[in-house]
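Next up, input.cif (mmCIF, C-alpha atoms):
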data_run
loop_
_atom_site.label_atom_id
_atom_site.label_comp_id
_atom_site.auth_asym_id
_atom_site.auth_seq_id
_atom_site.Cartn_x
_atom_site.Cartn_y
_atom_site.Cartn_z
CA MET A 1 10.40 -26.83 -10.68
CA THR A 2 12.60 -25.88 -7.72
CA CYS A 3 11.66 -24.00 -4.55
CA GLY A 4 13.58 -20.95 -5.78
CA GLU A 5 11.87 -20.92 -9.15
CA GLY A 6 8.49 -21.23 -7.46
CA VAL A 7 9.21 -18.37 -5.06
CA ASN A 8 10.21 -16.15 -7.98
CA LEU A 9 6.81 -16.76 -9.58
CA LEU A 10 4.71 -16.30 -6.46
CA TYR A 11 3.64 -12.70 -7.11
CA ASP A 12 2.22 -13.58 -10.52
CA TYR A 13 0.74 -16.79 -9.09
CA VAL A 14 -1.15 -14.85 -6.42
CA GLU A 15 -2.29 -12.27 -9.01
CA GLY A 16 -3.61 -15.06 -11.23
CA ALA A 17 -1.30 -13.86 -14.01
CA LEU A 18 0.37 -17.18 -14.84
CA LYS A 19 -0.52 -19.45 -17.71
CA ARG A 20 -2.09 -22.73 -16.74
CA PRO A 21 0.96 -25.00 -17.28
CA THR A 22 3.14 -22.78 -15.07
CA ARG A 23 0.43 -22.53 -12.44
CA MET A 24 0.00 -26.29 -12.44
CA ALA A 25 3.77 -26.79 -12.15
CA ILE A 26 3.84 -24.58 -9.05
CA GLU A 27 0.92 -26.41 -7.51
CA ARG A 28 2.53 -29.80 -8.19
CA HIS A 29 5.75 -28.64 -6.56
CA VAL A 30 4.01 -27.12 -3.55
CA GLY A 31 1.89 -30.26 -3.17
CA GLY A 32 5.04 -32.32 -2.67
CA CYS A 33 7.16 -29.80 -0.76
CA PRO A 34 6.19 -29.12 2.88
CA LYS A 35 8.57 -26.16 3.13
CA CYS A 36 6.96 -24.48 0.13
CA ARG A 37 3.50 -25.18 1.53
CA ASN A 38 4.47 -23.32 4.69
CA PHE A 39 6.17 -20.60 2.70
CA VAL A 40 3.18 -19.97 0.42
CA ALA A 41 0.77 -19.90 3.35
CA TRP A 42 2.82 -17.20 5.07
CA TYR A 43 3.34 -15.28 1.83
CA MET A 44 -0.37 -15.16 1.12
CA ALA A 45 -1.30 -14.21 4.69
CA THR A 46 1.24 -11.40 5.00
CA PRO A 47 -0.51 -8.57 3.07
CA GLY A 48 -3.85 -9.04 4.80
CA ALA A 49 -2.31 -9.22 8.26
CA LEU A 50 -0.38 -5.99 7.70
CA ARG A 51 -3.38 -4.29 6.11
CA GLU A 52 -5.47 -5.07 9.17
CA ALA A 53 -2.71 -4.07 11.58
CA THR A 54 -2.18 -0.66 9.94
CA ALA A 55 -5.78 0.30 9.20
CA ALA A 56 -6.37 3.84 10.43
CA THR A 57 -9.50 5.93 10.54
CA MET A 58 -9.43 9.68 10.65
CA GLN A 59 -9.44 11.01 14.16
CA ALA A 60 -12.14 13.40 15.29
CA GLY A 61 -11.52 16.91 14.08
CA VAL A 62 -9.31 16.05 11.10
CA SER A 63 -12.07 16.51 8.55
CA GLY A 64 -13.18 19.82 10.08
CA ARG A 65 -9.63 21.18 10.15
CA LEU A 66 -9.19 20.13 6.52
CA ARG A 67 -12.37 21.95 5.48
CA ARG A 68 -11.28 25.08 7.33
CA ALA A 69 -7.80 25.00 5.76
CA LEU A 70 -9.36 24.68 2.32
CA ALA A 71 -11.80 27.50 3.00
CA ARG A 72 -8.95 29.78 4.09
CA ALA A 73 -6.97 28.90 0.98
CA SER A 74 -9.97 29.44 -1.23
CA LYS A 75 -10.57 32.94 0.21
CA ALA A 76 -6.92 33.83 -0.20
CA ARG A 77 -6.93 33.00 -3.92
CA MET B 1 -9.36 2.47 -6.78
CA SER B 2 -11.46 5.04 -8.57
CA ARG B 3 -15.05 5.48 -7.53
CA ARG B 4 -14.14 4.37 -4.02
CA GLY B 5 -16.39 6.30 -1.71
CA ALA B 6 -18.96 6.93 -4.39
CA GLY B 7 -22.41 7.46 -2.99
CA ARG B 8 -21.24 9.06 0.23
CA ALA B 9 -22.32 12.45 1.44
CA GLY B 10 -21.97 15.02 -1.28
CA ASP B 11 -23.36 12.82 -4.02
CA ALA B 12 -27.00 13.09 -4.99
CA PRO B 13 -29.06 10.47 -3.11
CA GLY B 14 -30.78 7.82 -5.18
CA ALA B 15 -28.91 8.51 -8.41
CA ASP B 16 -25.71 7.00 -9.75
CA PRO B 17 -23.01 9.38 -8.51
CA PRO B 18 -21.11 11.10 -11.30
CA ALA B 19 -17.65 9.80 -12.14
CA ASP B 20 -14.70 11.46 -10.45
CA GLU B 21 -13.51 12.88 -13.75
CA VAL B 22 -16.87 14.62 -14.30
CA VAL B 23 -16.85 16.04 -10.78
CA ALA B 24 -13.23 17.14 -11.18
CA ARG B 25 -14.11 19.02 -14.37
CA LEU B 26 -16.96 20.84 -12.58
CA ALA B 27 -14.66 21.64 -9.67
CA SER B 28 -11.98 23.02 -11.98
CA ASP B 29 -14.66 25.26 -13.51
CA GLY B 30 -15.19 26.76 -10.05
CA ASP B 31 -18.11 24.72 -8.65
CA PRO B 32 -17.42 24.60 -4.88
CA ARG B 33 -19.92 21.75 -4.32
CA ALA B 34 -18.05 19.61 -6.82
CA PHE B 35 -14.78 20.26 -5.01
CA ALA B 36 -16.45 19.41 -1.69
CA THR B 37 -17.65 16.14 -3.24
CA LEU B 38 -14.09 15.19 -4.17
CA VAL B 39 -12.98 15.95 -0.62
CA GLU B 40 -15.80 13.83 0.81
CA ARG B 41 -15.01 10.93 -1.47
CA TYR B 42 -11.29 10.88 -0.89
CA GLN B 43 -10.43 12.35 2.50
CA GLU B 44 -10.69 9.00 4.31
CA PRO B 45 -8.66 6.87 1.85
CA ILE B 46 -6.07 9.61 1.41
CA TYR B 47 -5.71 10.00 5.17
CA ARG B 48 -5.30 6.24 5.56
CA LEU B 49 -2.65 6.16 2.84
CA CYS B 50 -0.79 9.09 4.40
CA ARG B 51 -0.98 7.49 7.83
CA ARG B 52 0.59 4.34 6.45
CA LEU B 53 3.31 6.29 4.67
CA THR B 54 4.17 8.68 7.50
CA ARG B 55 3.48 6.54 10.60
CA SER B 56 2.19 9.54 12.55
CA ASN B 57 -1.31 10.96 12.94
CA ALA B 58 -0.01 14.53 12.88
CA ASP B 59 2.11 13.96 9.77
CA ALA B 60 -0.79 12.16 8.08
CA GLU B 61 -3.03 15.14 8.75
CA ASP B 62 -0.41 17.54 7.38
CA ALA B 63 -0.05 15.39 4.26
CA LEU B 64 -3.84 15.21 3.88
CA GLN B 65 -4.16 18.99 3.99
CA GLU B 66 -1.22 19.46 1.65
CA THR B 67 -2.75 17.00 -0.81
CA PHE B 68 -6.07 18.83 -1.06
CA LEU B 69 -4.43 22.26 -1.11
CA ILE B 70 -2.31 21.10 -4.05
CA LEU B 71 -5.44 19.66 -5.63
CA MET B 72 -7.15 23.04 -5.31
CA ARG B 73 -4.22 24.77 -7.02
CA ARG B 74 -3.65 22.21 -9.74
CA LEU B 75 -7.13 21.02 -10.59
CA ARG B 76 -7.20 23.09 -13.75
CA SER B 77 -4.18 21.16 -15.01
CA PHE B 78 -5.98 17.81 -14.65
CA ARG B 79 -6.62 16.78 -18.24
CA GLY B 80 -8.14 13.39 -17.67
CA GLU B 81 -5.22 11.56 -19.27
CA ALA B 82 -4.92 9.48 -16.09
CA LYS B 83 -7.77 8.48 -13.80
CA PHE B 84 -8.52 11.19 -11.29
CA ALA B 85 -7.81 8.80 -8.41
CA THR B 86 -4.41 7.87 -9.84
CA TRP B 87 -3.54 11.55 -10.15
CA LEU B 88 -4.70 12.32 -6.61
CA TYR B 89 -2.88 9.34 -5.10
CA ARG B 90 0.31 10.50 -6.82
CA ILE B 91 -0.07 13.93 -5.20
CA ALA B 92 -0.76 12.34 -1.82
CA THR B 93 2.14 9.91 -2.02
CA ASN B 94 4.55 12.72 -2.86
CA ALA B 95 3.13 14.92 -0.08
CA ALA B 96 3.49 12.17 2.52
CA LEU B 97 7.00 11.23 1.43
CA GLY B 98 8.01 14.89 1.35
CA ILE B 99 6.89 15.32 4.96
CA ARG B 100 8.74 12.16 6.00
CA ARG B 101 11.93 13.38 4.37
CA ARG B 102 11.65 16.81 5.95
CA GLN B 103 11.34 15.18 9.34
CA SER B 104 14.48 13.17 8.50
CA ARG B 105 14.17 11.26 11.72
CA LEU B 106 13.61 7.88 10.16
CA ARG B 107 16.16 5.59 8.71
CA ALA B 108 15.26 2.32 7.10
CA GLU B 109 17.08 -0.70 8.42
CA SER B 110 17.62 -3.81 6.44
CA LEU B 111 15.14 -6.63 6.54
CA GLU B 112 17.23 -8.58 4.05
CA GLU B 113 18.10 -11.14 6.69
CA PHE B 114 14.49 -12.29 6.37
CA LEU B 115 14.68 -13.02 2.62
CA PRO B 116 14.41 -16.73 1.77
CA ARG B 117 17.67 -18.57 1.23
CA PHE B 118 18.21 -21.43 -1.17
CA ASP B 119 20.90 -24.09 -1.52
CA ALA B 120 22.84 -24.84 -4.69
CA ARG B 121 19.92 -26.87 -6.03
CA GLN B 122 17.51 -23.99 -5.37
CA ARG B 123 15.77 -25.76 -2.49
CA HIS B 124 14.90 -23.89 0.69
CA ALA B 125 18.14 -23.83 2.65
CA GLY B 126 16.72 -23.59 6.15
CA PRO B 127 13.54 -24.57 7.95
CA ILE B 128 10.33 -22.76 7.02
CA GLU B 129 8.14 -22.18 10.02
CA PRO B 130 4.74 -23.89 9.77
CA PHE B 131 1.97 -21.44 9.08
CA GLU B 132 0.09 -20.60 12.22
CA ALA B 133 -2.39 -18.02 13.27
CA ILE B 134 -0.74 -14.64 13.39
CA ASP B 135 -0.88 -13.02 16.78
CA ARG B 136 -2.85 -9.97 15.66
CA GLN B 137 -2.34 -8.00 18.84
CA ARG B 138 1.41 -8.49 18.75
CA LEU B 139 1.48 -7.55 15.07
CA ALA B 140 -0.69 -4.45 15.61
CA ARG B 141 1.78 -3.19 18.21
CA ARG B 142 4.72 -3.36 15.86
CA ALA B 143 3.34 -3.24 12.31
CA SER B 144 4.04 0.45 11.69
CA ALA B 145 7.56 0.18 13.05
CA LEU B 146 8.08 -2.91 10.93
CA LEU B 147 7.04 -1.11 7.75
CA GLU B 148 9.51 1.64 8.62
CA ARG B 149 12.29 -0.88 8.30
CA LEU B 150 11.62 -1.25 4.59
CA PRO B 151 13.41 1.19 2.30
CA ASP B 152 10.98 3.51 0.48
CA ARG B 153 11.62 1.81 -2.87
CA TYR B 154 9.96 -1.34 -1.50
CA ARG B 155 7.69 0.14 1.15
CA VAL B 156 5.81 2.65 -0.98
CA PRO B 157 4.76 0.22 -3.75
CA MET B 158 3.87 -2.37 -1.14
CA VAL B 159 1.69 0.08 0.82
CA LEU B 160 -0.16 1.07 -2.36
CA ARG B 161 -0.56 -2.47 -3.70
CA ASP B 162 -1.08 -4.58 -0.59
CA LEU B 163 -2.41 -2.22 2.04
CA GLU B 164 -4.45 0.14 -0.15
CA GLU B 165 -5.27 -2.71 -2.57
CA ILE B 166 -4.63 -0.67 -5.71
CA GLU B 167 -4.13 -2.64 -8.93
CA THR B 168 -0.53 -3.17 -10.02
CA SER B 169 -1.05 -1.13 -13.21
CA GLN B 170 -2.41 1.81 -11.21
CA VAL B 171 0.44 1.63 -8.69
CA ALA B 172 2.81 1.80 -11.64
CA ALA B 173 0.99 4.90 -12.95
CA ILE B 174 1.02 6.58 -9.51
CA LEU B 175 4.74 6.00 -9.00
CA GLY B 176 5.88 6.41 -12.59
CA LEU B 177 7.31 2.90 -12.65
CA THR B 178 6.86 0.00 -15.02
CA GLU B 179 4.49 -2.73 -13.91
CA ALA B 180 7.44 -5.13 -13.88
CA ALA B 181 9.26 -2.87 -11.42
CA VAL B 182 6.19 -2.69 -9.17
CA ARG B 183 5.82 -6.47 -9.21
CA GLN B 184 9.49 -6.95 -8.38
CA ARG B 185 9.51 -4.42 -5.55
CA VAL B 186 6.24 -5.53 -3.95
CA HIS B 187 7.34 -9.16 -4.18
CA ARG B 188 10.62 -8.40 -2.47
CA ALA B 189 8.82 -6.45 0.25
CA ARG B 190 6.45 -9.35 0.81
CA LEU B 191 9.34 -11.79 1.02
CA MET B 192 11.08 -9.73 3.69
CA LEU B 193 7.90 -9.13 5.67
CA ARG B 194 6.86 -12.77 5.36
CA GLY B 195 10.17 -13.86 6.83
CA TYR B 196 9.85 -11.38 9.65
CA LEU B 197 6.26 -12.36 10.48
CA ALA B 198 6.98 -16.07 10.35
CA SER B 199 9.94 -15.85 12.68
CA ARG B 200 8.85 -13.04 15.01
CA VAL B 201 5.12 -12.55 15.07
CA GLY B 202 3.58 -15.98 14.73
CA ALA B 203 1.61 -17.07 17.74
CA LYS B 204 4.58 -19.22 18.73
CA GLY B 205 7.18 -16.78 17.39
CA LYS B 206 9.70 -15.18 19.63
CA ASP B 207 8.56 -11.71 20.63
CA ARG B 208 11.84 -9.94 19.97
#
So, in terms of structure tokens, how does the structure I just supplied come out?
Amino acid sequence: MTCGEGVNLLYDYVEGALKRPTRMAIERHVGGCPKCRNFVAWYMATPGALREATAATMQAGVSGRLRRALARASKAR
Amino acid sequence: MSRRGAGRAGDAPGADPPADEVVARLASDGDPRAFATLVERYQEPIYRLCRRLTRSNADAEDALQETFLILMRRLRSFRGEAKFATWLYRIATNAALGIRRRQSRLRAESLEEFLPRFDARQRHAGPIEPFEAIDRQRLARRASALLERLPDRYRVPMVLRDLEEIETSQVAAILGLTEAAVRQRVHRARLMLRGYLASRVGAKGKDR
């Protein structure tokens, strides 16, 4: 397996969607390839880091304004 | 994705809360408490999704209101062929993207320079930065702007799959894409963002 082939399979690897021989081939390659080890570590950390960085909670008042908008729309129907 | 928020206010205490599809049917028959339950269950996750898709609190609030107003009008047409949550997320995604397009102030820039490069033998062509702790404060300051740099075709599936943690099959149903297309687009988004984070936001990265 090459670095490029491994990168192409990473999504399915992370999802656990690969058959065992393919998964093992990736792991063998990554075990012997420092660049791919670094690459996989960054690839796997990226979604969680962005999820945390963009987490938003509703600001005060949003829920109340939503309820009022819905009530107005309901009356108008 | 579905049943997220079950058991919150609006559901009967102590009992298993009814499935979204059951509540939606009651709401479409005119039960205002059932509609209020759907709002309680989904206002937070829909707001969060809209915030991630629009990048602005005001736009997210507009998209949130638009989503539930559309829900009110269209609930009778919900036939239960898709999960209720999938149907609602599709409405919300379209509402948020519609608001973004109306604002027309945002233009995606290419992050393709951050895609991995390979040599003729398909080995990594350049150095790959060692994994290090991500500087969370630095990332938090620029994450929304970074996501804006992804074209919608990559950004929207990635937001749904990676940030909202919705299963690939459900993301495909929300966006009307094949699962293969979702996998390909989310993967490409991750590759671009990975490259950006590794070179710009790592603890030792250059803060450019």
Report the centre and edge lengths, in Å to one decimal, of an axis-aligned box enclosing every atom of stretch 47-50 of chain A listed in the file, padded by 6 Å on each side, as lines of an AutoDock Vina configuration file.
center_x = -2.1
center_y = -7.6
center_z = 5.7
size_x = 15.5
size_y = 15.2
size_z = 17.2
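Taken over the whole file, the PyMOL selection byres ((chain B) within 6 of (chain A)) covers exactly Arg48, Gln65, Gln122, Arg123, Ile128, Pro130, Phe131, Ala140, Asp162, Leu163, His187 and Arg194 of chain B.
Across B:Trp87, B:Glu148, B:Ser28, B:Ala19, the tightest approach to B:Ala172 is made by B:Trp87 when counting only C-alpha atoms.
Here atom CA of B:Glu164 and atom CA of B:Ile46 stand 9.7 Å from one another.
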Among the residues B:Val182, B:Leu193, B:Ala120, B:Ala92, the one that comes closest to B:Thr54 [using only C-alpha atoms]: B:Ala92
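For B:Ala63, the set of protein, DNA and RNA residues having any atom at most 9 Å away, when counting only C-alpha atoms and skipping those fewer than 4 positions along the same chain, is Ile46, Tyr47, Cys50, Arg51, Thr54, Ala58, Asp59, Thr67, Phe68, Ala92, Thr93, Asn94, Ala95, Ala96, Leu97, Gly98 and Ile99 of chain B.
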Counting all atoms listed in the file, the residue of B:Ile166, B:Met158, B:Leu69, B:Met192 that sits nearest A:Ala76: B:Leu69
Please enumerate the residues selected by the PyMOL selection byres ((chain B and resi 79-82) around 10) when evaluated against the supplied file, formatted as a PDB file with C-alpha atoms, in the coordinates of the input.
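File out.pdb, as written:
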ATOM      1  CA  ASP B  20     -14.700  11.460 -10.450  1.00  0.00           C
ATOM      2  CA  GLU B  21     -13.510  12.880 -13.750  1.00  0.00           C
ATOM      3  CA  VAL B  22     -16.870  14.620 -14.300  1.00  0.00           C
ATOM      4  CA  ALA B  24     -13.230  17.140 -11.180  1.00  0.00           C
ATOM      5  CA  ARG B  25     -14.110  19.020 -14.370  1.00  0.00           C
ATOM      6  CA  LEU B  75      -7.130  21.020 -10.590  1.00  0.00           C
ATOM      7  CA  ARG B  76      -7.200  23.090 -13.750  1.00  0.00           C
ATOM      8  CA  SER B  77      -4.180  21.160 -15.010  1.00  0.00           C
ATOM      9  CA  PHE B  78      -5.980  17.810 -14.650  1.00  0.00           C
ATOM     10  CA  LYS B  83      -7.770   8.480 -13.800  1.00  0.00           C
ATOM     11  CA  PHE B  84      -8.520  11.190 -11.290  1.00  0.00           C
ATOM     12  CA  ALA B  85      -7.810   8.800  -8.410  1.00  0.00           C
ATOM     13  CA  THR B  86      -4.410   7.870  -9.840  1.00  0.00           C
ATOM     14  CA  TRP B  87      -3.540  11.550 -10.150  1.00  0.00           C
ATOM     15  CA  LEU B  88      -4.700  12.320  -6.610  1.00  0.00           C
ATOM     16  CA  GLN B 170      -2.410   1.810 -11.210  1.00  0.00           C
ATOM     17  CA  ALA B 173       0.990   4.900 -12.950  1.00  0.00           C
ATOM     18  CA  ILE B 174       1.020   6.580  -9.510  1.00  0.00           C
TER      19      ILE B 174
END
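For the residues B:Leu175, B:Leu71, B:Ala133, B:Ala145, ranking by smallest atom-to-atom distance to B:Ser56 using all atoms listed in the file places B:Ala145 first.
For the pair atom CA of B:Arg100 and atom CA of B:Val159, the separation is 14.9 Å.
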One-decimal distance in Å that lies between atom CA of B:Pro151 and atom CA of B:Leu49: 16.8 Å
Surrounding residues of B:Pro157 excluding itself and chain neighbours under 6 positions, 7 Å, only C-alpha atoms, as a PyMOL selection string: chain B and resi 171+182+185-186
Residues in the PyMOL selection byres ((chain B and resi 149) around 7), expressed as a list in words: Ala108, Glu109, Ser110, Leu111, Ala145, Leu146, Leu147, Glu148, Leu150 and Pro151 of chain B
Nearest to B:Gln184 by atom-to-atom distance, counting all atoms listed in the file, from B:Asp31, B:Ala198, B:Val39, B:Tyr154: B:Tyr154
Taking N, CA, C and O atoms as the atom set, what does stretch 61-72 of chain B look like once completed, written as an mmCIF file, in the frame of the given file?
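What landed in part.cif:
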data_model
loop_
_atom_site.group_PDB
_atom_site.id
_atom_site.type_symbol
_atom_site.label_atom_id
_atom_site.label_comp_id
_atom_site.auth_asym_id
_atom_site.auth_seq_id
_atom_site.Cartn_x
_atom_site.Cartn_y
_atom_site.Cartn_z
ATOM 1 N N GLU B 61 -2.110 14.008 8.907
ATOM 2 C CA GLU B 61 -3.030 15.140 8.750
ATOM 3 C C GLU B 61 -2.382 16.253 7.922
ATOM 4 O O GLU B 61 -3.029 16.849 7.058
ATOM 5 N N ASP B 62 -1.109 16.527 8.186
ATOM 6 C CA ASP B 62 -0.410 17.540 7.380
ATOM 7 C C ASP B 62 -0.400 17.135 5.903
ATOM 8 O O ASP B 62 -0.629 17.966 5.020
ATOM 9 N N ALA B 63 -0.118 15.861 5.651
ATOM 10 C CA ALA B 63 -0.050 15.390 4.260
ATOM 11 C C ALA B 63 -1.436 15.441 3.610
ATOM 12 O O ALA B 63 -1.567 15.765 2.429
ATOM 13 N N LEU B 64 -2.467 15.135 4.393
ATOM 14 C CA LEU B 64 -3.840 15.210 3.880
ATOM 15 C C LEU B 64 -4.172 16.641 3.456
ATOM 16 O O LEU B 64 -4.680 16.876 2.349
ATOM 17 N N GLN B 65 -3.863 17.595 4.333
ATOM 18 C CA GLN B 65 -4.160 18.990 3.990
ATOM 19 C C GLN B 65 -3.344 19.439 2.793
ATOM 20 O O GLN B 65 -3.863 20.098 1.887
ATOM 21 N N GLU B 66 -2.067 19.061 2.770
ATOM 22 C CA GLU B 66 -1.220 19.460 1.650
ATOM 23 C C GLU B 66 -1.756 18.891 0.340
ATOM 24 O O GLU B 66 -1.771 19.567 -0.690
ATOM 25 N N THR B 67 -2.226 17.647 0.400
ATOM 26 C CA THR B 67 -2.750 17.000 -0.810
ATOM 27 C C THR B 67 -3.924 17.790 -1.387
ATOM 28 O O THR B 67 -3.968 18.091 -2.586
ATOM 29 N N PHE B 68 -4.880 18.156 -0.530
ATOM 30 C CA PHE B 68 -6.070 18.830 -1.060
ATOM 31 C C PHE B 68 -5.788 20.302 -1.394
ATOM 32 O O PHE B 68 -6.440 20.855 -2.279
ATOM 33 N N LEU B 69 -4.822 20.897 -0.717
ATOM 34 C CA LEU B 69 -4.430 22.260 -1.110
ATOM 35 C C LEU B 69 -3.754 22.244 -2.490
ATOM 36 O O LEU B 69 -4.008 23.115 -3.321
ATOM 37 N N ILE B 70 -2.933 21.236 -2.709
ATOM 38 C CA ILE B 70 -2.310 21.100 -4.050
ATOM 39 C C ILE B 70 -3.392 20.818 -5.079
ATOM 40 O O ILE B 70 -3.385 21.376 -6.180
ATOM 41 N N LEU B 71 -4.338 19.965 -4.703
ATOM 42 C CA LEU B 71 -5.440 19.660 -5.630
ATOM 43 C C LEU B 71 -6.163 20.942 -6.026
ATOM 44 O O LEU B 71 -6.464 21.172 -7.204
ATOM 45 N N MET B 72 -6.440 21.780 -5.032
ATOM 46 C CA MET B 72 -7.150 23.040 -5.310
ATOM 47 C C MET B 72 -6.364 23.887 -6.315
ATOM 48 O O MET B 72 -6.935 24.454 -7.237
#
